[in-house]
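I have placed the structure first, in the form of structure tokens, so that the comments after it can refer back to it.
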Amino acid sequence: MFETSLRTDGQRRLSEIGVADLLVGIPSYKNAHTIGHVVEAAGDGLLAHFPNLRPVIAVVDGGSSDETVHIAANRPLPPTVRRIITTYQGIQGKGSAVRAIFEIARVLGVKACIVLEADLTSLTRDWIQKLATPILNGEYDLAIPNYARPLVEGGVNDIIGYPLTRLLYGVDIREPMAGDFAISGPLAVKLQNRDVWETDVARHGIDIWLTTIAINENIRMCQVRLGTKIEDKKEVAIAIDPTFIQIVGTMFRMMDIYRKRWPEPKPVRTVPFHGNGTFPTATRLTGAITIDMLNDAFHSAARRYRRLWRTILAPSSVHQVIELANRPRGATHFDADLWARVVFDCAVVYNKGENDPDKVVAGLLPLYYARIATILRETGAKLEQVEKAVQDQAQQFAGEKKYLIHRWETYVPWAVDGVR
């Protein structure tokens, strides 16, 4: 591991700045279309809400080949807001950029650090105030957003991250992999020193890793309502998605790390909200990926993964999945109970099986597409109905907890159905 995440230019700029009170860190990679807006909105928020503090905006880039760095360096900022534009050292991914931001927070001695995604189009200056205030007031060490976003863009959070976190750790936090957050300076320093930055956390597992750490290590945490989150995503339903593999893999790996915590029966507690916040005004949010695209991706992948599914899933689940794959619109009829058991099977085999763990998660991806397609068909992407479907899915996870524990405790890779 590199002793520092920062290259020489970044270290030099830190020496010039010296100290700061509040840091806004923006990990970027080929975000030329949006980085200017994010930098400008962050600067406006710092000036409007924290005029008496010493603020810094740091854009930490992953080696963009477009105009991201140039735009970030030249976007006008209020004269009181200082700027750092640099690239990080380490494994390519958002997590490595966040580690560099945490290092900047340590060197500058900030009280609070906000991390924002570089592809935000819905960012307003009020986000800065809402995220930073609970940290600067000393009430909390971590602030996680609560916002509405299109199901396709937030689906990994909605139907895996949220219900699994709620089930395992007895904590209801609606966006455990929000992408944006605020953290106290001291906590950022502690996390920067964790020995995880050579793992998938350094790629795209940082958000769920951070939330899981906070829950299980009793870090003071709150939620803040930010309204609607819209990102400049140009996603397609692809057969292999490294980001999905890294995020879900991190989540599954954390299950084993905190194995002693999640079997305990406990009432679900809700992470407290700070402030009133805003609620979405839209009634329907749609993403770039359509139901037809999701259905096609599921059926195309079924030919590739059919054999793998038989080594991961329980026989009854394999039968249901294959039956759906044999139907023209099968991806739009993937039920919540089947989805819960499929996720649990993959989590168990990821941690205890002889398969390549990344291949296990890759095999989950087309099934994820099918579950998303089903929810879109059932809800028409209407926010209230999508939220009801997400909450119903969380209840289905809770109802299948005995199944998860049984599979985990009895699974052996060489046995029929994986059970002794």
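Chain labels run A, B, ... following the order of the structure tokens; each chain numbers its residues from 1, and ligands are numbered from 1 in the order shown.
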
Quick one: DSSP alpha helix (DSSP H) residues in region 75-243 of chain A, as a ChimeraX atom specification?
/A:94-108,125-136,151-156,162-169,185-192,206-216,242-243

Keeping C-alpha atoms for every residue in the selection just given, could you write it to a file as a PDB file, in the first residue's frame?
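Listed below is the output, part-v7.pdb:
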```
ATOM      1  CA  LYS A  94     -14.020   5.612  -5.914  1.00  0.00           C
ATOM      2  CA  GLY A  95     -12.768   4.075  -2.668  1.00  0.00           C
ATOM      3  CA  SER A  96      -9.170   5.052  -3.379  1.00  0.00           C
ATOM      4  CA  ALA A  97     -10.319   8.598  -4.096  1.00  0.00           C
ATOM      5  CA  VAL A  98     -12.239   8.668  -0.809  1.00  0.00           C
ATOM      6  CA  ARG A  99      -9.151   7.457   1.019  1.00  0.00           C
ATOM      7  CA  ALA A 100      -7.254  10.393  -0.499  1.00  0.00           C
ATOM      8  CA  ILE A 101     -10.035  12.746   0.618  1.00  0.00           C
ATOM      9  CA  PHE A 102      -9.781  11.348   4.147  1.00  0.00           C
ATOM     10  CA  GLU A 103      -6.034  11.991   4.016  1.00  0.00           C
ATOM     11  CA  ILE A 104      -6.656  15.575   2.942  1.00  0.00           C
ATOM     12  CA  ALA A 105      -9.086  15.934   5.852  1.00  0.00           C
ATOM     13  CA  ARG A 106      -6.394  14.701   8.239  1.00  0.00           C
ATOM     14  CA  VAL A 107      -3.671  16.976   6.929  1.00  0.00           C
ATOM     15  CA  LEU A 108      -5.917  20.050   6.996  1.00  0.00           C
ATOM     16  CA  ARG A 125     -26.326  24.382  -2.267  1.00  0.00           C
ATOM     17  CA  ASP A 126     -28.703  23.353   0.537  1.00  0.00           C
ATOM     18  CA  TRP A 127     -27.264  19.829   0.431  1.00  0.00           C
ATOM     19  CA  ILE A 128     -24.020  21.252   1.834  1.00  0.00           C
ATOM     20  CA  GLN A 129     -25.789  22.770   4.818  1.00  0.00           C
ATOM     21  CA  LYS A 130     -27.927  19.714   5.547  1.00  0.00           C
ATOM     22  CA  LEU A 131     -25.000  17.278   5.388  1.00  0.00           C
ATOM     23  CA  ALA A 132     -22.445  19.341   7.297  1.00  0.00           C
ATOM     24  CA  THR A 133     -24.558  20.784  10.124  1.00  0.00           C
ATOM     25  CA  PRO A 134     -25.037  17.624  12.253  1.00  0.00           C
ATOM     26  CA  ILE A 135     -21.284  16.981  12.051  1.00  0.00           C
ATOM     27  CA  LEU A 136     -20.162  20.546  12.755  1.00  0.00           C
ATOM     28  CA  LEU A 151     -35.209   2.494  -9.151  1.00  0.00           C
ATOM     29  CA  VAL A 152     -32.769   1.402 -11.849  1.00  0.00           C
ATOM     30  CA  GLU A 153     -30.085   3.793 -10.561  1.00  0.00           C
ATOM     31  CA  GLY A 154     -30.679   3.015  -6.887  1.00  0.00           C
ATOM     32  CA  GLY A 155     -31.708  -0.616  -7.254  1.00  0.00           C
ATOM     33  CA  VAL A 156     -28.630  -2.231  -5.706  1.00  0.00           C
ATOM     34  CA  TYR A 162     -31.266  -1.818   2.313  1.00  0.00           C
ATOM     35  CA  PRO A 163     -33.129  -5.073   3.069  1.00  0.00           C
ATOM     36  CA  LEU A 164     -29.937  -6.999   3.839  1.00  0.00           C
ATOM     37  CA  THR A 165     -28.552  -4.333   6.191  1.00  0.00           C
ATOM     38  CA  ARG A 166     -31.912  -4.085   7.944  1.00  0.00           C
ATOM     39  CA  LEU A 167     -32.144  -7.849   8.349  1.00  0.00           C
ATOM     40  CA  LEU A 168     -28.571  -8.561   9.430  1.00  0.00           C
ATOM     41  CA  TYR A 169     -27.922  -5.720  11.839  1.00  0.00           C
ATOM     42  CA  GLY A 185     -12.627  14.813  10.704  1.00  0.00           C
ATOM     43  CA  PRO A 186     -11.520  12.439  13.495  1.00  0.00           C
ATOM     44  CA  LEU A 187     -13.563   9.554  12.078  1.00  0.00           C
ATOM     45  CA  ALA A 188     -12.150  10.164   8.597  1.00  0.00           C
ATOM     46  CA  VAL A 189      -8.645   9.870  10.059  1.00  0.00           C
ATOM     47  CA  LYS A 190      -9.467   6.582  11.784  1.00  0.00           C
ATOM     48  CA  LEU A 191     -10.956   5.086   8.639  1.00  0.00           C
ATOM     49  CA  GLN A 192      -8.062   6.234   6.482  1.00  0.00           C
ATOM     50  CA  ILE A 206     -16.705   2.141  -0.005  1.00  0.00           C
ATOM     51  CA  ASP A 207     -20.287   3.249   0.707  1.00  0.00           C
ATOM     52  CA  ILE A 208     -21.685  -0.021   2.072  1.00  0.00           C
ATOM     53  CA  TRP A 209     -18.400  -0.674   3.910  1.00  0.00           C
ATOM     54  CA  LEU A 210     -18.637   2.690   5.654  1.00  0.00           C
ATOM     55  CA  THR A 211     -22.272   2.209   6.698  1.00  0.00           C
ATOM     56  CA  THR A 212     -21.675  -1.341   7.923  1.00  0.00           C
ATOM     57  CA  ILE A 213     -18.683  -0.189   9.985  1.00  0.00           C
ATOM     58  CA  ALA A 214     -20.750   2.639  11.470  1.00  0.00           C
ATOM     59  CA  ILE A 215     -23.604   0.326  12.452  1.00  0.00           C
ATOM     60  CA  ASN A 216     -21.483  -2.386  14.001  1.00  0.00           C
ATOM     61  CA  PRO A 242     -17.505  -4.824 -12.230  1.00  0.00           C
ATOM     62  CA  THR A 243     -19.112  -2.121 -10.087  1.00  0.00           C
TER      63      THR A 243
END
```

Test item: residues at most 10 Å from region 319-329 of chain A, only C-alpha atoms, excluding those fewer than 3 positions along its chain, as a compact mmCIF listing (two decimals) with N, CA and C atoms, in the first residue's frame:
```txt
# COMPACT_ATOMS: atom_id res chain seq x y z
N ILE A 291 -37.65 -1.70 -19.09
CA ILE A 291 -38.03 -3.08 -18.75
C ILE A 291 -37.57 -4.04 -19.83
N ASP A 292 -37.73 -3.64 -21.09
CA ASP A 292 -37.32 -4.52 -22.19
C ASP A 292 -35.82 -4.79 -22.16
N ASN A 295 -35.22 -7.26 -19.37
CA ASN A 295 -35.71 -8.59 -19.76
C ASN A 295 -34.73 -9.25 -20.73
N ASP A 296 -34.25 -8.47 -21.71
CA ASP A 296 -33.29 -9.02 -22.67
C ASP A 296 -32.00 -9.45 -21.99
N PHE A 298 -31.56 -10.43 -18.90
CA PHE A 298 -31.81 -11.65 -18.13
C PHE A 298 -31.80 -12.89 -19.03
N HIS A 299 -32.52 -12.82 -20.13
CA HIS A 299 -32.61 -13.99 -21.00
C HIS A 299 -31.28 -14.29 -21.69
N SER A 300 -30.56 -13.24 -22.06
CA SER A 300 -29.26 -13.45 -22.68
C SER A 300 -28.29 -14.11 -21.70
N ALA A 301 -28.32 -13.67 -20.45
CA ALA A 301 -27.40 -14.21 -19.45
C ALA A 301 -27.78 -15.62 -19.02
N ALA A 302 -29.05 -15.98 -19.17
CA ALA A 302 -29.48 -17.31 -18.72
C ALA A 302 -28.70 -18.40 -19.42
N ARG A 303 -28.37 -18.20 -20.68
CA ARG A 303 -27.58 -19.21 -21.40
C ARG A 303 -26.18 -19.31 -20.82
N ARG A 306 -26.64 -20.60 -16.60
CA ARG A 306 -27.52 -21.68 -16.16
C ARG A 306 -26.75 -22.74 -15.35
N TRP A 309 -25.70 -21.28 -11.93
CA TRP A 309 -26.82 -21.18 -10.99
C TRP A 309 -27.07 -22.51 -10.28
N ARG A 310 -26.88 -23.61 -10.99
CA ARG A 310 -27.13 -24.92 -10.38
C ARG A 310 -26.14 -25.22 -9.26
N LEU A 313 -27.57 -22.00 -6.29
CA LEU A 313 -28.92 -21.89 -5.78
C LEU A 313 -29.46 -23.24 -5.31
N ALA A 314 -30.37 -23.19 -4.34
CA ALA A 314 -31.07 -24.39 -3.91
C ALA A 314 -31.89 -24.93 -5.09
N PRO A 315 -32.10 -26.25 -5.18
CA PRO A 315 -32.80 -26.84 -6.32
C PRO A 315 -34.15 -26.19 -6.62
N SER A 316 -34.94 -25.89 -5.59
CA SER A 316 -36.24 -25.27 -5.82
C SER A 316 -36.11 -23.90 -6.48
N THR A 332 -40.05 -10.36 -15.91
CA THR A 332 -41.01 -9.45 -15.28
C THR A 332 -41.91 -10.15 -14.27
N HIS A 333 -41.57 -11.38 -13.91
CA HIS A 333 -42.38 -12.14 -12.95
C HIS A 333 -41.48 -12.80 -11.89
N PHE A 334 -40.45 -12.07 -11.47
CA PHE A 334 -39.49 -12.57 -10.49
C PHE A 334 -39.94 -12.12 -9.11
N ASP A 335 -40.51 -13.02 -8.33
CA ASP A 335 -41.18 -12.66 -7.08
C ASP A 335 -40.20 -12.30 -5.97
N LEU A 338 -38.66 -15.34 -3.98
CA LEU A 338 -37.58 -15.99 -4.73
C LEU A 338 -36.33 -15.13 -4.68
N TRP A 339 -36.48 -13.84 -4.83
CA TRP A 339 -35.32 -12.93 -4.79
C TRP A 339 -34.59 -13.02 -3.45
N VAL A 342 -32.60 -16.24 -3.33
CA VAL A 342 -31.48 -16.19 -4.28
C VAL A 342 -30.33 -15.37 -3.71
N LEU A 367 -30.17 -11.99 -12.40
CA LEU A 367 -31.33 -12.21 -11.55
C LEU A 367 -31.77 -10.89 -10.90
N ALA A 370 -33.78 -9.09 -13.40
CA ALA A 370 -35.14 -9.61 -13.46
C ALA A 370 -36.00 -9.07 -12.32
N ALA A 373 -36.87 -5.50 -13.12
CA ALA A 373 -37.88 -5.45 -14.19
C ALA A 373 -39.27 -5.74 -13.63
N THR A 374 -39.34 -6.69 -12.71
CA THR A 374 -40.63 -7.04 -12.11
C THR A 374 -41.21 -5.88 -11.32
```

Residue set, region 149-272 of chain A restricted to strand (DSSP E), as JSON, numbers by chain
{"A": [171, 172, 181, 182, 183, 184, 221, 222, 223, 224, 225, 226, 227, 228, 269, 270]}

Please dump the current selection as an mmCIF file, in the first residue's frame; keep N, CA and C atoms.
```cif
data_model
loop_
_atom_site.group_PDB
_atom_site.id
_atom_site.type_symbol
_atom_site.label_atom_id
_atom_site.label_comp_id
_atom_site.auth_asym_id
_atom_site.auth_seq_id
_atom_site.Cartn_x
_atom_site.Cartn_y
_atom_site.Cartn_z
ATOM 1 N N VAL A 171 -30.967 -2.541 11.819
ATOM 2 C CA VAL A 171 -30.921 -1.083 11.702
ATOM 3 C C VAL A 171 -31.581 -0.673 10.396
ATOM 4 N N ASP A 172 -32.554 0.226 10.498
ATOM 5 C CA ASP A 172 -33.255 0.731 9.319
ATOM 6 C C ASP A 172 -32.597 2.038 8.887
ATOM 7 N N PHE A 181 -22.081 11.532 1.487
ATOM 8 C CA PHE A 181 -22.161 11.480 2.946
ATOM 9 C C PHE A 181 -21.317 12.595 3.539
ATOM 10 N N ALA A 182 -21.500 12.812 4.842
ATOM 11 C CA ALA A 182 -20.630 13.726 5.589
ATOM 12 C C ALA A 182 -20.077 12.975 6.787
ATOM 13 N N ILE A 183 -18.843 13.268 7.146
ATOM 14 C CA ILE A 183 -18.144 12.526 8.191
ATOM 15 C C ILE A 183 -17.301 13.497 9.007
ATOM 16 N N SER A 184 -17.148 13.206 10.292
ATOM 17 C CA SER A 184 -16.308 14.066 11.124
ATOM 18 C C SER A 184 -14.839 13.868 10.763
ATOM 19 N N MET A 221 -24.567 8.190 14.099
ATOM 20 C CA MET A 221 -24.955 8.310 12.699
ATOM 21 C C MET A 221 -26.381 8.841 12.594
ATOM 22 N N CYS A 222 -26.634 9.666 11.575
ATOM 23 C CA CYS A 222 -27.978 10.178 11.332
ATOM 24 C C CYS A 222 -28.283 10.129 9.843
ATOM 25 N N GLN A 223 -29.563 10.332 9.525
ATOM 26 C CA GLN A 223 -30.001 10.476 8.148
ATOM 27 C C GLN A 223 -30.440 11.917 7.916
ATOM 28 N N VAL A 224 -30.233 12.423 6.707
ATOM 29 C CA VAL A 224 -30.704 13.765 6.346
ATOM 30 C C VAL A 224 -31.480 13.669 5.038
ATOM 31 N N ARG A 225 -32.630 14.307 5.006
ATOM 32 C CA ARG A 225 -33.481 14.264 3.818
ATOM 33 C C ARG A 225 -33.027 15.314 2.806
ATOM 34 N N LEU A 226 -32.725 14.866 1.615
ATOM 35 C CA LEU A 226 -32.205 15.759 0.576
ATOM 36 C C LEU A 226 -33.111 15.841 -0.651
ATOM 37 N N GLY A 227 -34.286 15.245 -0.601
ATOM 38 C CA GLY A 227 -35.187 15.340 -1.742
ATOM 39 C C GLY A 227 -34.924 14.278 -2.785
ATOM 40 N N THR A 228 -34.660 14.706 -4.009
ATOM 41 C CA THR A 228 -34.482 13.799 -5.140
ATOM 42 C C THR A 228 -33.029 13.804 -5.595
ATOM 43 N N ARG A 269 -34.220 -0.886 14.759
ATOM 44 C CA ARG A 269 -34.198 0.524 15.158
ATOM 45 C C ARG A 269 -33.913 1.384 13.933
ATOM 46 N N THR A 270 -34.545 2.521 13.872
ATOM 47 C CA THR A 270 -34.364 3.448 12.751
ATOM 48 C C THR A 270 -33.277 4.452 13.088
#
```

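Minimum atom-to-atom distance to Cys113 (chain A), evaluated using only C-alpha atoms, belongs to A:Asp21 out of A:Ile240, A:Asp21, A:Ala394, A:Thr34.
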
Set the distance at 10 Å and use only C-alpha atoms: which residues neighbour Asp256 (chain A) once local chain neighbours fewer than 3 positions away are removed? I'd like the list as an NGL selection string.
:A and (251-253 or 259-262 or 347-348 or 350-352)

Tell me which of A:Arg75, A:Arg307, A:Lys30, A:Arg83 sits closest to Leu14 (chain A), counting only C-alpha atoms.
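Nearest to Leu14 (chain A): A:Arg83.
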
From the options A:Ile375, A:Leu142, A:Leu120, A:Leu365, which residue's atoms come nearest to Arg304 (chain A), counting only C-alpha atoms?
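Ranked by minimum distance to Arg304 (chain A), first place goes to A:Leu365.
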
Please report the interatomic distance between CA of Pro413 (chain A) and CA of Gln396 (chain A) in Å with one decimal.
26.1 Å

Who sits within 9 Å of Asp200 (chain A), only C-alpha atoms, same chain under 5 positions skipped, as JSON, numbers by chain:
{"A": [91, 93, 95, 205, 206, 246, 247, 249, 250]}
